[in-house]
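Peer 1: Shown below is the structure under consideration.
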Amino acid sequence: MLARIWSASVVGIDAVKVGVEVDIAGGLPGIVVVGLPGTEVQESRERVKAALKNAGYVVPMRKIVINLTPADLRKEGPSFDLPISIGILAASEQVSPTLLDDTLLLGEVSLDGSLRPVPGVLAIAAAAQLLGIQRLVVPADNAREAAVVKGLAVYGFQSLQEVTDFLNQPDSYSPLQIDGAEELVRSRFQGLDLKDVKGQSQARRALEIAAAGGHNLIFVGPPGSGKTMLARRLPGILPQLTFEEALEVTQIHSVAGLLKHRGSLVGERPFRSPHHSASGPSLVGGGSFPRPGEISLAHRGVLFLDELTEFKRDVLEFLRQPLEDGQVTISRTRQSASFPAKFMLVASTNPCPCGYFGDTVQPCTCSPRQREQYWAKLSGPLMDRIDLQVAVNRLKPEEITQQGSGEDSASVRQRVEAARQRAHQRFQGTSLHCNAEMQSRHIHRWCQLDIPTRTLLENAIRKLGLSARATDRILKVACTIADLAGDEHLQTQHVAEAVQYRTIDRMQ
């Protein structure tokens, strides 16, 4: 007898519908899997056979052929265990096939018949809803993740026995219902608070501007000046994720297998901080069958590169194209996938190898040649893509010992959200979300300069040797400063402040 079960395979962060065809015919007993199965799928033959026997089902002592369609798509992962198991039971008439035409199943099966969670369930649920699938059957630990997709009946089960009971008596079970908006509020985390930071008024101001405009930022200063402490508090002043943004972020983390203990939605802005020994593929994603890297896991959030100059130069060059395009496409011989990568790059570094160039207390022991080689690790095109370059100086003794706390993150976030709202109104009818996403045509439209302001900018370009890209970055930052101030048009003071955030350019 022939049975067909529907499942799905993840490609990038999208999902493709996969048919699992099971045929039981005469021949030597055994299970054969065809249709370009990966190693995990090939191993499922033994898992499924043991699981069915231990759960009390009969495995037919005949030849069982399992075909995975489409045949030219590589099938990876253990998520086909459940559909293969149900396919064998349906083909051997141990389970009713009535619901199988519009039901999609996925899950890993343990040897005792229990179901284990699998990655990528949210992506599969979203695709199933678009394809007109009515029911999705998943392991219980994946149910809340899938249930946030509206218009799809999601059933979560603990064991193979529960799945067969559902297929034989569907009226005895109800789909899981979840309020996505409530789930998002429940999963939000406020993060570290800016009130813990002492002093550093200019760095705090730069952090606020970066959050309001979605700008990339680098802190330059001696060890112990608070660069990392400041950067780690950036997510706390960013606007809260919208439900649509939370779905995007959760989908990426689901594909990466990072949701097993995180509930159904990622409610806070991601903050990723890879070590300086990270490779290029670990940052942008890769593998024989592409998986998201750190820049995609930081989508709609922050990618923090501490000690930027300790990263290999060729690794940093991997960031140039994603910073410009907001996505990364990974092509391999067998498969190609695109991942979203709209993140804020925040970096920190010392001003020289010893860390004390320009410090008022500790003298620098580096030669000019050493400092030149130190900064040569960062290419000009990469630095042009960083909007805000901020000097973080050593704290004064009275700042270290002060008892009071600074302004808290909640107050700063209110100003950031107000500035973002002004930008949103300005960008109505476009695909832009914040000032950092503006292209040259948008800058010419919304960043008009009067004669005194234009003269100021031209003098800055000559003195600092700024490129056209760096000049555009200054205008974007100036536009954000105007939004924070509630001004409709760019003024001289906005551009003047934006020019001050080119620390590295002034050090050259």
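For the structure tokens, the naming scheme is as follows: chains receive sequential letters (A, B, ...) according to their order of presentation, residues are indexed from 1 within each chain, and ligands are indexed from 1 in presentation order.
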Compile the contact shell of Tyr173 of chain A as a list in words: residues with an atom at most 12 Å away, counting only C-alpha atoms, same-chain residues fewer than 3 positions apart removed.
Peer 2: Val137, Ala153, Val154, Tyr155, Gly156, Phe157, Glu162, Val163, Thr164, Asp165, Phe166, Leu167, Asn168, Gln169, Pro170 and Leu176 of chain A
Peer 1: For Ala498 of chain A, work out the shell of residues within 6 Å, counting only C-alpha atoms and skipping chain neighbours fewer than 3 positions away, then give it as a ChimeraX atom specification.
Peer 2: /A:474,477-478,495,501
Peer 1: Emit the selected residues as a PDB file, in the first residue's frame, including N, CA and C atoms.
Peer 2:
ATOM      1  N   ILE A 474      27.818  61.595   7.526  1.00  0.00           N
ATOM      2  CA  ILE A 474      27.688  62.790   8.365  1.00  0.00           C
ATOM      3  C   ILE A 474      26.290  63.385   8.233  1.00  0.00           C
ATOM      4  N   VAL A 477      23.737  61.277  10.127  1.00  0.00           N
ATOM      5  CA  VAL A 477      23.824  61.519  11.571  1.00  0.00           C
ATOM      6  C   VAL A 477      23.223  62.874  11.909  1.00  0.00           C
ATOM      7  N   ALA A 478      23.506  63.886  11.084  1.00  0.00           N
ATOM      8  CA  ALA A 478      22.944  65.215  11.312  1.00  0.00           C
ATOM      9  C   ALA A 478      21.418  65.182  11.253  1.00  0.00           C
ATOM     10  N   VAL A 495      24.918  69.667  11.750  1.00  0.00           N
ATOM     11  CA  VAL A 495      26.040  69.162  10.948  1.00  0.00           C
ATOM     12  C   VAL A 495      27.351  69.293  11.722  1.00  0.00           C
ATOM     13  N   TYR A 501      31.752  63.668  15.419  1.00  0.00           N
ATOM     14  CA  TYR A 501      31.777  62.224  15.634  1.00  0.00           C
ATOM     15  C   TYR A 501      32.552  61.515  14.529  1.00  0.00           C
TER      16      TYR A 501
END
Peer 1: Nearest to Ile400 of chain A: which of A:Ala50, A:Leu217, A:Ala146, A:Val197 is it, counting only C-alpha atoms?
Peer 2: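 Ranked by minimum distance to Ile400 of chain A, first place goes to A:Val197.
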Peer 1: Please identify all polymer residues within 6 Å of segment 70-79 of chain A, counting only C-alpha atoms, omitting same-chain residues fewer than 2 positions from it, and present them as a ChimeraX atom specification.
Peer 2: /A:35-38,40,81,106-108
Peer 1: Using N, CA, C and O atoms, can you write the selected residues to a file as a PDB file, in the first residue's frame?
Peer 2:
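The resulting file, part-v1.pdb, is shown below:
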ATOM      1  N   GLY A  35      15.634  10.017  -2.617  1.00  0.00           N
ATOM      2  CA  GLY A  35      15.203  11.411  -2.743  1.00  0.00           C
ATOM      3  C   GLY A  35      16.213  12.382  -2.161  1.00  0.00           C
ATOM      4  O   GLY A  35      15.835  13.389  -1.566  1.00  0.00           O
ATOM      5  N   LEU A  36      17.508  12.084  -2.319  1.00  0.00           N
ATOM      6  CA  LEU A  36      18.608  12.936  -1.861  1.00  0.00           C
ATOM      7  C   LEU A  36      18.569  13.172  -0.344  1.00  0.00           C
ATOM      8  O   LEU A  36      18.572  14.318   0.123  1.00  0.00           O
ATOM      9  N   PRO A  37      18.506  12.097   0.461  1.00  0.00           N
ATOM     10  CA  PRO A  37      18.494  12.277   1.915  1.00  0.00           C
ATOM     11  C   PRO A  37      19.895  12.544   2.461  1.00  0.00           C
ATOM     12  O   PRO A  37      20.884  11.995   1.960  1.00  0.00           O
ATOM     13  N   GLY A  38      19.997  13.381   3.503  1.00  0.00           N
ATOM     14  CA  GLY A  38      21.265  13.614   4.182  1.00  0.00           C
ATOM     15  C   GLY A  38      21.558  12.490   5.163  1.00  0.00           C
ATOM     16  O   GLY A  38      20.792  11.537   5.322  1.00  0.00           O
ATOM     17  N   GLU A  40      21.538  12.445   8.474  1.00  0.00           N
ATOM     18  CA  GLU A  40      20.550  12.296   9.546  1.00  0.00           C
ATOM     19  C   GLU A  40      19.288  11.593   9.066  1.00  0.00           C
ATOM     20  O   GLU A  40      18.674  10.822   9.799  1.00  0.00           O
ATOM     21  N   ASP A  81      11.814  12.213  10.895  1.00  0.00           N
ATOM     22  CA  ASP A  81      11.523  10.978  11.647  1.00  0.00           C
ATOM     23  C   ASP A  81      10.027  10.761  11.815  1.00  0.00           C
ATOM     24  O   ASP A  81       9.503   9.656  11.589  1.00  0.00           O
ATOM     25  N   LEU A 106       6.315  17.131  11.451  1.00  0.00           N
ATOM     26  CA  LEU A 106       7.768  17.139  11.582  1.00  0.00           C
ATOM     27  C   LEU A 106       8.146  16.924  13.035  1.00  0.00           C
ATOM     28  O   LEU A 106       7.405  17.299  13.948  1.00  0.00           O
ATOM     29  N   GLY A 107       9.285  16.299  13.238  1.00  0.00           N
ATOM     30  CA  GLY A 107       9.763  16.050  14.589  1.00  0.00           C
ATOM     31  C   GLY A 107      10.755  14.906  14.610  1.00  0.00           C
ATOM     32  O   GLY A 107      10.735  14.027  13.740  1.00  0.00           O
ATOM     33  N   GLU A 108      11.642  14.930  15.590  1.00  0.00           N
ATOM     34  CA  GLU A 108      12.595  13.846  15.793  1.00  0.00           C
ATOM     35  C   GLU A 108      11.981  12.822  16.740  1.00  0.00           C
ATOM     36  O   GLU A 108      11.334  13.181  17.726  1.00  0.00           O
TER      37      GLU A 108
END
Peer 1: Do you have, as CSV, the list of residues of segment 345-441 of chain A lying at most 12 Å from segment 288-312 of chain A, each with its nearest atom pair and that distance in Å to one decimal, counting only C-alpha atoms and ordered by chain then number?
Peer 2:
residue,atom,partner,partner_atom,distance
A:Leu345,CA,A:Leu303,CA,5.0
A:Val346,CA,A:Phe304,CA,4.8
A:Ala347,CA,A:Leu305,CA,4.6
A:Ser348,CA,A:Asp306,CA,5.1
A:Thr349,CA,A:Glu307,CA,4.6
A:Asn350,CA,A:Glu307,CA,7.1
A:Pro351,CA,A:Thr309,CA,9.7
A:Cys352,CA,A:Thr309,CA,9.5
A:Pro353,CA,A:Thr309,CA,9.2
A:Gly355,CA,A:Glu307,CA,10.8
A:Arg371,CA,A:Thr309,CA,11.5
A:Gln373,CA,A:Thr309,CA,10.5
A:Tyr374,CA,A:Thr309,CA,7.2
A:Trp375,CA,A:Thr309,CA,7.5
A:Ala376,CA,A:Thr309,CA,9.0
A:Lys377,CA,A:Thr309,CA,6.2
A:Leu378,CA,A:Thr309,CA,6.9
A:Ser379,CA,A:Thr309,CA,10.6
A:Leu382,CA,A:Leu308,CA,11.6
A:Met383,CA,A:Leu308,CA,11.3
A:His433,CA,A:Arg300,CA,10.8
A:Cys434,CA,A:Arg300,CA,11.5
Peer 1: Which residues come within 8 Å of Ala128 of chain A, counting only C-alpha atoms, excluding same-chain residues fewer than 5 positions away, as a list in words?
Peer 2: Lys17, Leu104, Ile133, Leu136 and Leu152 of chain A
Peer 1: Name the residues of segment 62-253 of chain A that come out as strand (DSSP E or B) in a backbone DSSP run; write them as an mmCIF file with all heavy atoms, in the first residue's frame.
Peer 2:
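Saved result, selection35.cif, follows:
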data_model
loop_
_atom_site.group_PDB
_atom_site.id
_atom_site.type_symbol
_atom_site.label_atom_id
_atom_site.label_comp_id
_atom_site.auth_asym_id
_atom_site.auth_seq_id
_atom_site.Cartn_x
_atom_site.Cartn_y
_atom_site.Cartn_z
ATOM 1 N N LYS A 63 9.588 -5.135 2.199
ATOM 2 C CA LYS A 63 10.435 -4.052 1.714
ATOM 3 C C LYS A 63 9.666 -2.735 1.771
ATOM 4 O O LYS A 63 8.577 -2.613 1.198
ATOM 5 C CB LYS A 63 10.895 -4.319 0.279
ATOM 6 C CG LYS A 63 11.864 -3.264 -0.242
ATOM 7 C CD LYS A 63 12.350 -3.601 -1.647
ATOM 8 C CE LYS A 63 13.353 -2.555 -2.133
ATOM 9 N NZ LYS A 63 13.861 -2.862 -3.498
ATOM 10 N N ILE A 64 10.247 -1.753 2.473
ATOM 11 C CA ILE A 64 9.620 -0.438 2.631
ATOM 12 C C ILE A 64 10.468 0.594 1.897
ATOM 13 O O ILE A 64 11.646 0.784 2.233
ATOM 14 C CB ILE A 64 9.479 -0.056 4.112
ATOM 15 C CG1 ILE A 64 8.668 -1.121 4.865
ATOM 16 C CG2 ILE A 64 8.834 1.312 4.257
ATOM 17 C CD1 ILE A 64 8.617 -0.885 6.366
ATOM 18 N N VAL A 65 9.889 1.231 0.881
ATOM 19 C CA VAL A 65 10.600 2.264 0.104
ATOM 20 C C VAL A 65 10.028 3.623 0.479
ATOM 21 O O VAL A 65 8.808 3.837 0.400
ATOM 22 C CB VAL A 65 10.455 2.028 -1.411
ATOM 23 C CG1 VAL A 65 11.173 3.133 -2.186
ATOM 24 C CG2 VAL A 65 11.020 0.669 -1.791
ATOM 25 N N ILE A 66 10.902 4.529 0.892
ATOM 26 C CA ILE A 66 10.501 5.884 1.287
ATOM 27 C C ILE A 66 11.114 6.860 0.297
ATOM 28 O O ILE A 66 12.344 6.935 0.148
ATOM 29 C CB ILE A 66 10.966 6.197 2.716
ATOM 30 C CG1 ILE A 66 10.341 5.204 3.700
ATOM 31 C CG2 ILE A 66 10.607 7.634 3.096
ATOM 32 C CD1 ILE A 66 10.956 5.239 5.074
ATOM 33 N N ASN A 67 10.268 7.614 -0.380
ATOM 34 C CA ASN A 67 10.716 8.594 -1.380
ATOM 35 C C ASN A 67 10.418 10.000 -0.883
ATOM 36 O O ASN A 67 9.288 10.309 -0.511
ATOM 37 C CB ASN A 67 10.020 8.359 -2.720
ATOM 38 C CG ASN A 67 10.461 9.355 -3.775
ATOM 39 O OD1 ASN A 67 11.635 9.709 -3.843
ATOM 40 N ND2 ASN A 67 9.533 9.811 -4.600
ATOM 41 N N LEU A 68 11.448 10.859 -0.866
ATOM 42 C CA LEU A 68 11.303 12.253 -0.428
ATOM 43 C C LEU A 68 11.290 13.154 -1.655
ATOM 44 O O LEU A 68 12.253 13.169 -2.437
ATOM 45 C CB LEU A 68 12.447 12.635 0.514
ATOM 46 C CG LEU A 68 12.661 11.710 1.722
ATOM 47 C CD1 LEU A 68 13.854 12.170 2.543
ATOM 48 C CD2 LEU A 68 11.416 11.671 2.595
ATOM 49 N N THR A 69 10.189 13.867 -1.853
ATOM 50 C CA THR A 69 10.063 14.736 -3.024
ATOM 51 C C THR A 69 10.043 16.213 -2.593
ATOM 52 O O THR A 69 9.578 16.534 -1.487
ATOM 53 C CB THR A 69 8.753 14.426 -3.778
ATOM 54 O OG1 THR A 69 7.640 14.671 -2.903
ATOM 55 C CG2 THR A 69 8.723 12.972 -4.220
ATOM 56 N N LYS A 75 17.697 16.877 1.626
ATOM 57 C CA LYS A 75 16.930 16.855 2.875
ATOM 58 C C LYS A 75 17.871 16.594 4.034
ATOM 59 O O LYS A 75 18.549 15.562 4.079
ATOM 60 C CB LYS A 75 15.844 15.780 2.866
ATOM 61 C CG LYS A 75 14.663 16.097 1.942
ATOM 62 C CD LYS A 75 14.975 15.736 0.520
ATOM 63 C CE LYS A 75 13.774 15.983 -0.401
ATOM 64 N NZ LYS A 75 14.123 15.650 -1.804
ATOM 65 N N THR A 103 -2.364 17.947 6.382
ATOM 66 C CA THR A 103 -1.619 18.023 7.643
ATOM 67 C C THR A 103 -0.134 17.902 7.363
ATOM 68 O O THR A 103 0.281 17.069 6.545
ATOM 69 C CB THR A 103 -2.048 16.902 8.601
ATOM 70 O OG1 THR A 103 -3.443 17.019 8.879
ATOM 71 C CG2 THR A 103 -1.275 16.970 9.909
ATOM 72 N N LEU A 104 0.657 18.744 8.002
ATOM 73 C CA LEU A 104 2.106 18.695 7.848
ATOM 74 C C LEU A 104 2.712 18.250 9.176
ATOM 75 O O LEU A 104 2.346 18.765 10.235
ATOM 76 C CB LEU A 104 2.646 20.066 7.427
ATOM 77 C CG LEU A 104 4.098 20.141 6.952
ATOM 78 C CD1 LEU A 104 4.252 21.218 5.879
ATOM 79 C CD2 LEU A 104 5.045 20.441 8.104
ATOM 80 N N LEU A 105 3.626 17.288 9.117
ATOM 81 C CA LEU A 105 4.225 16.731 10.323
ATOM 82 C C LEU A 105 5.734 16.892 10.302
ATOM 83 O O LEU A 105 6.362 16.766 9.237
ATOM 84 C CB LEU A 105 3.897 15.228 10.457
ATOM 85 C CG LEU A 105 2.427 14.824 10.539
ATOM 86 C CD1 LEU A 105 1.906 14.481 9.152
ATOM 87 C CD2 LEU A 105 2.245 13.634 11.473
ATOM 88 N N GLU A 108 11.642 14.930 15.590
ATOM 89 C CA GLU A 108 12.595 13.846 15.793
ATOM 90 C C GLU A 108 11.981 12.822 16.740
ATOM 91 O O GLU A 108 11.334 13.181 17.726
ATOM 92 C CB GLU A 108 13.898 14.387 16.378
ATOM 93 C CG GLU A 108 14.947 13.320 16.641
ATOM 94 C CD GLU A 108 16.200 13.878 17.282
ATOM 95 O OE1 GLU A 108 16.359 15.122 17.285
ATOM 96 O OE2 GLU A 108 17.017 13.083 17.785
ATOM 97 N N VAL A 109 12.186 11.556 16.434
ATOM 98 C CA VAL A 109 11.623 10.474 17.232
ATOM 99 C C VAL A 109 12.744 9.769 17.996
ATOM 100 O O VAL A 109 13.735 9.336 17.397
ATOM 101 C CB VAL A 109 10.867 9.462 16.348
ATOM 102 C CG1 VAL A 109 10.329 8.305 17.189
ATOM 103 C CG2 VAL A 109 9.726 10.148 15.605
ATOM 104 N N SER A 114 9.160 8.773 22.022
ATOM 105 C CA SER A 114 8.901 10.162 22.407
ATOM 106 C C SER A 114 9.420 11.106 21.321
ATOM 107 O O SER A 114 10.292 10.752 20.531
ATOM 108 C CB SER A 114 9.568 10.474 23.746
ATOM 109 O OG SER A 114 10.976 10.297 23.661
ATOM 110 N N LEU A 115 8.858 12.324 21.300
ATOM 111 C CA LEU A 115 9.214 13.309 20.280
ATOM 112 C C LEU A 115 10.143 14.363 20.848
ATOM 113 O O LEU A 115 9.927 14.867 21.949
ATOM 114 C CB LEU A 115 7.949 13.982 19.729
ATOM 115 C CG LEU A 115 6.906 13.052 19.101
ATOM 116 C CD1 LEU A 115 5.752 13.863 18.522
ATOM 117 C CD2 LEU A 115 7.529 12.180 18.018
ATOM 118 N N ARG A 116 11.173 14.679 20.081
ATOM 119 C CA ARG A 116 12.155 15.681 20.478
ATOM 120 C C ARG A 116 12.031 16.908 19.573
ATOM 121 O O ARG A 116 11.692 16.783 18.391
ATOM 122 C CB ARG A 116 13.573 15.120 20.389
ATOM 123 C CG ARG A 116 13.831 13.967 21.359
ATOM 124 C CD ARG A 116 15.197 13.347 21.126
ATOM 125 N NE ARG A 116 16.246 14.344 21.195
ATOM 126 C CZ ARG A 116 16.791 14.779 22.326
ATOM 127 N NH1 ARG A 116 16.363 14.299 23.485
ATOM 128 N NH2 ARG A 116 17.743 15.689 22.310
ATOM 129 N N ARG A 135 -3.336 21.976 9.232
ATOM 130 C CA ARG A 135 -2.854 21.511 10.535
ATOM 131 C C ARG A 135 -1.354 21.274 10.501
ATOM 132 O O ARG A 135 -0.807 20.786 9.501
ATOM 133 C CB ARG A 135 -3.562 20.208 10.926
ATOM 134 C CG ARG A 135 -5.035 20.355 11.285
ATOM 135 C CD ARG A 135 -5.692 18.997 11.449
ATOM 136 N NE ARG A 135 -5.758 18.308 10.154
ATOM 137 C CZ ARG A 135 -6.738 18.475 9.263
ATOM 138 N NH1 ARG A 135 -7.726 19.300 9.534
ATOM 139 N NH2 ARG A 135 -6.727 17.824 8.128
ATOM 140 N N LEU A 136 -0.708 21.596 11.605
ATOM 141 C CA LEU A 136 0.720 21.344 11.768
ATOM 142 C C LEU A 136 0.914 20.532 13.039
ATOM 143 O O LEU A 136 0.490 20.950 14.125
ATOM 144 C CB LEU A 136 1.498 22.659 11.855
ATOM 145 C CG LEU A 136 3.010 22.551 12.089
ATOM 146 C CD1 LEU A 136 3.678 21.865 10.902
ATOM 147 C CD2 LEU A 136 3.624 23.927 12.313
ATOM 148 N N VAL A 137 1.551 19.366 12.916
ATOM 149 C CA VAL A 137 1.820 18.492 14.053
ATOM 150 C C VAL A 137 3.310 18.533 14.344
ATOM 151 O O VAL A 137 4.131 18.219 13.478
ATOM 152 C CB VAL A 137 1.370 17.049 13.765
ATOM 153 C CG1 VAL A 137 1.778 16.123 14.910
ATOM 154 C CG2 VAL A 137 -0.134 16.996 13.548
ATOM 155 N N VAL A 138 3.665 18.947 15.569
ATOM 156 C CA VAL A 138 5.064 19.121 15.956
ATOM 157 C C VAL A 138 5.282 18.557 17.354
ATOM 158 O O VAL A 138 4.320 18.284 18.082
ATOM 159 C CB VAL A 138 5.455 20.618 15.939
ATOM 160 C CG1 VAL A 138 5.350 21.203 14.545
ATOM 161 C CG2 VAL A 138 4.590 21.415 16.922
ATOM 162 N N PRO A 139 6.537 18.386 17.766
ATOM 163 C CA PRO A 139 6.806 18.022 19.165
ATOM 164 C C PRO A 139 6.274 19.092 20.110
ATOM 165 O O PRO A 139 6.219 20.284 19.758
ATOM 166 C CB PRO A 139 8.338 17.932 19.212
ATOM 167 C CG PRO A 139 8.735 17.629 17.801
ATOM 168 C CD PRO A 139 7.763 18.367 16.942
ATOM 169 N N ALA A 153 -3.696 25.642 12.461
ATOM 170 C CA ALA A 153 -3.994 24.861 13.671
ATOM 171 C C ALA A 153 -2.753 24.052 14.046
ATOM 172 O O ALA A 153 -2.327 23.182 13.286
ATOM 173 C CB ALA A 153 -5.177 23.933 13.425
ATOM 174 N N VAL A 154 -2.174 24.355 15.199
ATOM 175 C CA VAL A 154 -0.932 23.723 15.634
ATOM 176 C C VAL A 154 -1.221 22.759 16.781
ATOM 177 O O VAL A 154 -1.879 23.117 17.771
ATOM 178 C CB VAL A 154 0.093 24.786 16.088
ATOM 179 C CG1 VAL A 154 1.355 24.115 16.640
ATOM 180 C CG2 VAL A 154 0.456 25.702 14.928
ATOM 181 N N TYR A 155 -0.722 21.539 16.642
ATOM 182 C CA TYR A 155 -0.884 20.510 17.663
ATOM 183 C C TYR A 155 0.501 20.055 18.115
ATOM 184 O O TYR A 155 1.343 19.688 17.283
ATOM 185 C CB TYR A 155 -1.663 19.306 17.115
ATOM 186 C CG TYR A 155 -3.077 19.620 16.685
ATOM 187 C CD1 TYR A 155 -3.342 20.118 15.410
ATOM 188 C CD2 TYR A 155 -4.148 19.418 17.545
ATOM 189 C CE1 TYR A 155 -4.641 20.409 15.007
ATOM 190 C CE2 TYR A 155 -5.452 19.701 17.153
ATOM 191 C CZ TYR A 155 -5.692 20.197 15.883
ATOM 192 O OH TYR A 155 -6.981 20.485 15.484
ATOM 193 N N GLY A 156 0.728 20.087 19.414
ATOM 194 C CA GLY A 156 1.998 19.637 19.969
ATOM 195 C C GLY A 156 1.809 18.362 20.778
ATOM 196 O O GLY A 156 0.911 18.298 21.626
ATOM 197 N N PHE A 157 2.645 17.368 20.515
ATOM 198 C CA PHE A 157 2.508 16.073 21.173
ATOM 199 C C PHE A 157 3.838 15.625 21.764
ATOM 200 O O PHE A 157 4.908 15.989 21.278
ATOM 201 C CB PHE A 157 1.993 15.012 20.191
ATOM 202 C CG PHE A 157 0.633 15.325 19.633
ATOM 203 C CD1 PHE A 157 0.477 15.687 18.301
ATOM 204 C CD2 PHE A 157 -0.490 15.275 20.441
ATOM 205 C CE1 PHE A 157 -0.769 15.977 17.779
ATOM 206 C CE2 PHE A 157 -1.755 15.574 19.932
ATOM 207 C CZ PHE A 157 -1.895 15.923 18.604
ATOM 208 N N SER A 159 4.579 12.229 22.264
ATOM 209 C CA SER A 159 4.997 10.899 21.825
ATOM 210 C C SER A 159 4.329 10.517 20.514
ATOM 211 O O SER A 159 3.337 11.125 20.074
ATOM 212 C CB SER A 159 4.656 9.854 22.890
ATOM 213 O OG SER A 159 3.245 9.726 23.028
ATOM 214 N N LEU A 217 28.522 52.399 15.063
ATOM 215 C CA LEU A 217 29.229 53.188 16.073
ATOM 216 C C LEU A 217 30.511 52.490 16.491
ATOM 217 O O LEU A 217 30.539 51.261 16.602
ATOM 218 C CB LEU A 217 28.300 53.361 17.279
ATOM 219 C CG LEU A 217 28.864 53.900 18.592
ATOM 220 C CD1 LEU A 217 29.266 55.356 18.456
ATOM 221 C CD2 LEU A 217 27.824 53.735 19.710
ATOM 222 N N ILE A 218 31.577 53.261 16.708
ATOM 223 C CA ILE A 218 32.807 52.711 17.256
ATOM 224 C C ILE A 218 33.286 53.608 18.388
ATOM 225 O O ILE A 218 33.269 54.845 18.268
ATOM 226 C CB ILE A 218 33.911 52.557 16.185
ATOM 227 C CG1 ILE A 218 35.169 51.919 16.801
ATOM 228 C CG2 ILE A 218 34.247 53.879 15.517
ATOM 229 C CD1 ILE A 218 36.228 51.549 15.782
ATOM 230 N N PHE A 219 33.666 53.006 19.507
ATOM 231 C CA PHE A 219 34.242 53.714 20.643
ATOM 232 C C PHE A 219 35.758 53.506 20.625
ATOM 233 O O PHE A 219 36.234 52.380 20.501
ATOM 234 C CB PHE A 219 33.682 53.180 21.966
ATOM 235 C CG PHE A 219 32.252 53.561 22.229
ATOM 236 C CD1 PHE A 219 31.310 52.596 22.544
ATOM 237 C CD2 PHE A 219 31.847 54.886 22.186
ATOM 238 C CE1 PHE A 219 29.994 52.927 22.803
ATOM 239 C CE2 PHE A 219 30.529 55.232 22.439
ATOM 240 C CZ PHE A 219 29.606 54.261 22.748
ATOM 241 N N VAL A 220 36.484 54.611 20.787
ATOM 242 C CA VAL A 220 37.952 54.559 20.828
ATOM 243 C C VAL A 220 38.407 55.159 22.149
ATOM 244 O O VAL A 220 38.074 56.305 22.470
ATOM 245 C CB VAL A 220 38.573 55.345 19.650
ATOM 246 C CG1 VAL A 220 40.091 55.224 19.674
ATOM 247 C CG2 VAL A 220 38.016 54.852 18.320
#
Peer 1: Have a look at atom CA of Asp359 of chain A and atom CA of Gly221 of chain A and let me know their distance in Å, one decimal.
Peer 2: 8.4 Å
Peer 1: Could you pull out the helix (DSSP H, G or I) residues of segment 84-143 of chain A, going by DSSP on the backbone, and write them as a VMD selection string?
Peer 2: chain A and resid 84 to 91 100 to 102 121 to 130 140 to 143
